[in-house]
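Only one structure is covered here, and it is reproduced in the block below.
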Amino acid sequence: MATAAAASASEAEAEPKAGPEAEGEQDEAKAARARRKVLSRAVAAATYKTMGPEWDQQEEGVSESDGDEEYAMASSAESSPGEYEWGYDEEEKNQLEIERLEEQLSINVYDYNCHVDLIRLLRLEGELTKVRMARQKMSEIFPLTEELWLEWLHDEISMAMDGLDREHVYDLFERAVKDYICPNIWLEYGQYSVGGIGQKGGLEKVRSVFERALSSVGLHMTKGLAIWEAYREFESAIVEAARPMAGFLSPSDWEQTFDSQLEKVHSLFRRQLAIPLYDMEATFAEYEEWSEDPIPESVIQSYNKALQQLEKYKPYEEALLQAEAPRLAEYQAYIDFEMKIGDPARIQLIFERALVENCLVPDLWIRYSQYLDRQLKVKDLVLSAHSRAVRNCPWTVALWSRYLLALERHGVEHRVISVTFEKALSAGFIQATDYVEIWQAYLDYLRRRVDFKQDSSKELEELRSAFARALEYLKQEVEERFSESGDPSCLIMQNWARIEARLCNNMQKARELWDSIMTRGNAKFANMWLEYYNLERAHGDTQHCRKALHRAVQCTSDYPEHVCEVLLTMERTEGTLEDWDIAVQKTETRLARVNEQRIKAAEKEAALAQQEEEKVEQRKRARAEKKALKKKKKTRGADKHRADEDDEKEWGDDEEEQPSKRRRVENSVPPAGEAEPGSEADLSGSSAPAATEPPSELKEVRGGARRRDVPKVPHDSSKDGVTVFVSNLPYGLGEPAATLRPLFEACGDVVEVRPIFSNRGDFRGYCYVEFREEAAALQALQLDRQSVEGRPMFVSPCVDKSKNPDFKVFRYSTALEKHKLFVSGLPFSCTKEELEEICKAHGTVKDIRLVTNRAGKPKGLAYVEYENESQASQAVLKMDGMTIRENVIKVAISNPPQRKVPEKLEARKAPGSALLPRQVYGARGKGRTQLSLLPRALQRPSAATAQAENGPATPATTEAPKMSNADFAKLLLRK
């Protein structure tokens, strides 16, 4: 009955509404009948032996070992693979495969599939001793699945002959139930313990196993029913076995014993009915039939309450039944639901159920162990969960770190923690930084063991020895394996130096450590020198502080200005006049050299930009020549006169007469210099004047179906003062005028919203908005960058740039701003609030601007404005290199590079003109966000350059225009 109940519960999880439909139902029913027979006979034999000594077991033909033998037969009936007839060749083949698998495991003991295959082959060959050894080795490395444990247990049960063998099987069961929560293993454990009921303490052993099984899986809504029914059947069997004993006991003793046993069965019914389980109605009906007395009202109330709870849980259970393994998302939702209710037993159960199918998901183990650490805080549960976590996911360093903390938190002895740490080192982490993290966790633990009030102690020496070993391990083991140290900033060495300085008052050792840190490539970073300076400031003396800052001024390459400022500040408050003069001289010399280096870097960058431009021009000429060659082939079959005319039109007038795509006729003629979408000038609303030429008949036919009947009204430049130019609008905007009018009417009376369409009727992404008053137009400029259907809208004055070449609409400063930071490398999902929370820890944040592209998508860039330069400088040192959601950000003082200079390359090559730094990227591209290495104070344009910017410069010599291949072809054809 118990096994049948287990089968029905398992089938209920697969399809609770349809009833049992699993394969092999007849075999399970036979096994269930066999186990029921074993259960009844074993209980009867043990009961009569322990409660009625006069009962003659031999006369009834029942022996103490009958239960074990028949249970072994019933178990082996399920697990036996059957009889196979092997030929000599097959046996030899299996032996060779076994030898191969054993050799492979000797090389890599962590090959899970190799372990499974070896056990299977040894079991088929009947190598019982080798099978046992293979299983033992695998269980020491990996947690075994339910199937592997049941197979192992059935084999051991079939071989158990005496009490020692039974104790060995009990030990295996104890190990099995610790790996994962497995209701079927608990059910097997309870049934097997029934076979030993005749031994001393056997009855208490059975009840103890079943009670533990209920604590572990009794709340399992789909499989817990089998445990309850098996336990209840066991107690009911004792009741039935006690009835014939009335003649062997006194009436009072028999009545007391019988009533006590009946109460145990009643108690099990009541406890089960108070728990939400599938098929509760059948259990309640069975209780009504079994009980001679009416069911108490309190039991009925608990039953109804459990039914209500069952309805709440059913959606989550049904979601699990309908989904396919591993069903992580469904389990996560179930866990969230249980966490809201807050029942610790149910929360633990759902975590365990989820981990059976998702045992290789580290985040799930971390969440489970975190709940146990913070909520339950039960030592055995916590340490068991941590131990199983690192066995399932040994490559996850976070699990090992949490395990070490849990061991320390619960007072485990030092030897165990050290052994656990050594296992972590041999776990095989996937990156070098993981080894740094586990070493830091262990060193922190050793530091907390030291009593620093004593000058010397065993714990302190162990800590120092561990620090030295950590450095050696990272150098020898980690660097050789990963080709990197994993600790480029020498965090472990920094912590050691701080401990020596602050807790041990050993500045000499701290200085030696910092010298070693600087020699490992960290001397060029200002924050490393300032960290050392602060340590000397707190625990050293002024002389060593001055020495550290002088070295920092000479070596720092990222923020030399800040280091110089710190040195001058110290000398201003503590130094003598001589010290001040030396500091000033050194800082000036160093900054001058830094500026020279930056100028050279800028010149090199400009040269690279020039080379890139030359390559672009070469590619353009090549494309033009290829195009001309194709046109020449088309005209080759015509007569010479026609060819001459075609060639003359092709090479002489093509570029002047053919309109470009950006200058096609629109329904409204923009002013001279109007910007097109995607160009730099679209912010100001000005570009080159457009030609008013009617579209061809072919274009009318092709675009007739999509053409909008919009009157073509030229733009009135006299109304520029009351008009704004709106660009970067979504091209798919259905009714631009109707959509934009409500936005701009909030600024004042709108006369007209005039969107620009192409000849085919497509919206071009920009429009004009005319107001009745100039004040309203000025107010509308505040709508710049407002989102329209997820895209930032650009609003700018309507200005003709051909008449106002100096007009600029970029509202953000492009000069050096020492109180503002430029942040790059941010996660695209980073919000303004999240960044502000990080930045305000270093000063007062006045404004934060996240940079987006034209479509409104974040670019991972931001500008952070602080109240003053000092706060910004400190923020750079603290935040540069910080990790936000696995992204390492870069932080620098805001100093945007120069925009692309518009003059031609020939003008930049003119004699006497200075070579200006140019960005490789375009005016709208990456160059705007790059840091400039050349200070703006040093960017002095020459006279020729200034003349080129203000007007056309008169060239010293006039060069003859270069002739292309097309020009030469035209000359040849005219001869």
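Following the order of the structure tokens, chains are lettered A, B, ..., residues in each are numbered from 1, and ligands are numbered from 1.
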
Worksheet item: If we count only C-alpha atoms, what is near His410 in chain A at a cut-off of 9 Å, once residues fewer than 4 positions away on the same chain are taken out, given as an NGL selection string?
Response: :A and (377 or 379 or 383 or 405-406)

Put those residues in a file: N, CA and C atoms, as a tab-separated table (two decimals), in the first residue's frame.
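The resulting part.tsv:
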```tsv
chain	number	residue	atom	x	y	z
A	377	LYS	N	19.15	30.22	10.73
A	377	LYS	CA	20.36	30.24	11.57
A	377	LYS	C	20.54	28.95	12.38
A	379	LYS	N	22.41	25.63	12.90
A	379	LYS	CA	23.77	25.24	12.51
A	379	LYS	C	23.78	24.07	11.54
A	383	LEU	N	25.10	24.63	7.67
A	383	LEU	CA	26.36	24.03	7.21
A	383	LEU	C	26.11	22.93	6.19
A	405	LEU	N	32.59	31.71	5.78
A	405	LEU	CA	31.96	32.61	6.74
A	405	LEU	C	30.97	31.87	7.64
A	406	ALA	N	30.23	30.93	7.05
A	406	ALA	CA	29.26	30.16	7.86
A	406	ALA	C	29.97	29.29	8.88
```

Worksheet item: Could you name the residues that touch Leu153 in chain A at 10 Å or less, counting only C-alpha atoms, but leaving out those on the same chain fewer than 4 positions away, as a VMD selection string?
Response: chain A and resid 75 to 76 79 147 to 149 157 to 159 169 to 170 172 to 173 176 185 188 to 189

Kindly export the residues of the current selection with C-alpha atoms, as a JSON list (two decimals), in the first residue's frame.
```json
[["chain", "number", "residue", "atom", "x", "y", "z"],
["A", 75, "SER", "CA", 13.40, -4.50, -3.87],
["A", 76, "SER", "CA", 15.52, -6.50, -6.25],
["A", 79, "SER", "CA", 16.07, -2.82, -9.49],
["A", 147, "GLU", "CA", 18.33, 6.91, -9.22],
["A", 148, "LEU", "CA", 21.98, 6.18, -8.39],
["A", 149, "TRP", "CA", 21.26, 6.00, -4.66],
["A", 157, "ILE", "CA", 20.08, -4.66, 0.70],
["A", 158, "SER", "CA", 20.19, -7.78, -1.41],
["A", 159, "MET", "CA", 23.67, -8.58, -0.04],
["A", 169, "VAL", "CA", 22.78, -0.12, 4.85],
["A", 170, "TYR", "CA", 21.50, 2.30, 7.49],
["A", 172, "LEU", "CA", 24.08, 4.45, 3.27],
["A", 173, "PHE", "CA", 20.51, 5.64, 3.79],
["A", 176, "ALA", "CA", 21.57, 9.32, 0.67],
["A", 185, "ILE", "CA", 14.55, 7.35, -0.71],
["A", 188, "GLU", "CA", 12.59, 3.07, 1.05],
["A", 189, "TYR", "CA", 14.37, 3.95, 4.29]]
```

Discussion item. Show me, as a list in words, the residues that have an atom within 12 Å of Ile499 in chain A when counting only C-alpha atoms, minus same-chain residues fewer than 3 positions from it.
Written reply: Leu443, Asp444, Leu446, Arg447, Arg448, Val450, Phe452, Leu460, Leu463, Arg464, Phe467, Ile492, Met493, Gln494, Asn495, Trp496, Arg502, Leu503, Cys504, Asn505, Asn506, Met507, Lys509, Ala510, Arg511, Leu513, Leu535 and His539 of chain A

Discussion item. Give me, as an NGL selection string, the residues of range 725-844 of chain A that a backbone DSSP run labels strand (DSSP E).
Written reply: :A and (725-727 or 750-757 or 763-771 or 786-788 or 791-797 or 817-824)

Worksheet entry | Shortest interatomic distance to His842 in chain A - which of A:Glu773, A:Glu330, A:Glu865, A:Glu752, counting only C-alpha atoms |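 Closest to His842 in chain A, using only C-alpha atoms: A:Glu865.
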
Fill in: DSSP helix (DSSP H, G or I) residues within range 826-876 of chain A, listed as a count of residues only
19

Worksheet item: Of the candidates A:Asp720, A:Glu233, A:Glu480, A:Glu103, which shows the shortest atom-to-atom distance to Ser796 in chain A, using only C-alpha atoms?
Response: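 Among the listed residues, A:Asp720 lies closest to Ser796 in chain A.
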
Worksheet entry | Which residue of A:Lys634, A:Lys586, A:Lys312, A:Lys878 approaches Cys564 in chain A most closely, using only C-alpha atoms | A:Lys586

Worksheet entry | 12 Å contact set for Trp529 in chain A, only C-alpha atoms, chain neighbours under 5 positions out, as a ChimeraX atom specification | /A:489,494,514-515,517-518,522-524,534-537,545-560,562-564,566-567,877

Keeping C-alpha atoms for every residue in the selection just given, could you write it to a file as a compact mmCIF listing (two decimals), in the first residue's frame?
```txt
# COMPACT_ATOMS: atom_id res chain seq x y z
CA SER A 489 46.20 46.39 -7.79
CA GLN A 494 47.66 46.45 0.57
CA TRP A 514 54.28 49.36 -0.44
CA ASP A 515 57.65 49.44 -2.19
CA ILE A 517 53.40 47.22 -4.67
CA MET A 518 54.84 50.17 -6.57
CA ASN A 522 51.33 50.64 -9.83
CA ALA A 523 53.67 53.62 -9.51
CA LYS A 524 51.94 55.42 -12.40
CA ASN A 534 47.37 58.54 3.81
CA LEU A 535 48.81 55.47 5.55
CA GLU A 536 52.03 57.34 6.30
CA ARG A 537 50.00 60.35 7.37
CA CYS A 545 55.02 61.52 3.73
CA ARG A 546 57.14 64.09 1.92
CA LYS A 547 59.29 61.37 0.39
CA ALA A 548 56.20 59.49 -0.85
CA LEU A 549 54.72 62.60 -2.49
CA HIS A 550 58.02 63.54 -4.16
CA ARG A 551 58.15 60.05 -5.70
CA ALA A 552 54.51 60.34 -6.70
CA VAL A 553 55.15 63.61 -8.55
CA GLN A 554 57.90 61.97 -10.59
CA CYS A 555 56.05 58.72 -11.38
CA THR A 556 52.35 59.52 -11.67
CA SER A 557 51.05 59.66 -15.23
CA ASP A 558 47.25 59.61 -14.92
CA TYR A 559 46.57 62.61 -12.61
CA PRO A 560 49.86 64.41 -11.99
CA HIS A 562 46.30 66.29 -8.32
CA VAL A 563 49.44 64.77 -6.82
CA CYS A 564 51.26 68.07 -7.23
CA VAL A 566 48.56 67.45 -2.53
CA LEU A 567 52.33 67.98 -2.20
CA LEU A 877 40.31 58.95 -7.68
```

Discussion item. Please compute the CA of Asp880 in chain A-CA of Ala432 in chain A distance, one decimal, in Å.
Written reply: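 These two atoms are separated by 21.5 Å.
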
Fill in: Atomic distance CA of Gly428 in chain A - CA of Trp395 in chain A, expressed in Å with one decimal
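Pair CA of Gly428 in chain A / CA of Trp395 in chain A returns 5.8 Å.
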
Worksheet item: Quick one: residues within 12 Å of range 125-141 of chain A, only C-alpha atoms counted, chain neighbours fewer than 5 positions away excluded, as a PyMOL selection string?
Response: chain A and resi 80-81+83-88+90-95+97-98+101-102+105-106+108-120+148-149+151-153+155-156+158-159+172+175-176+178-179+387-388+390-394+423+427
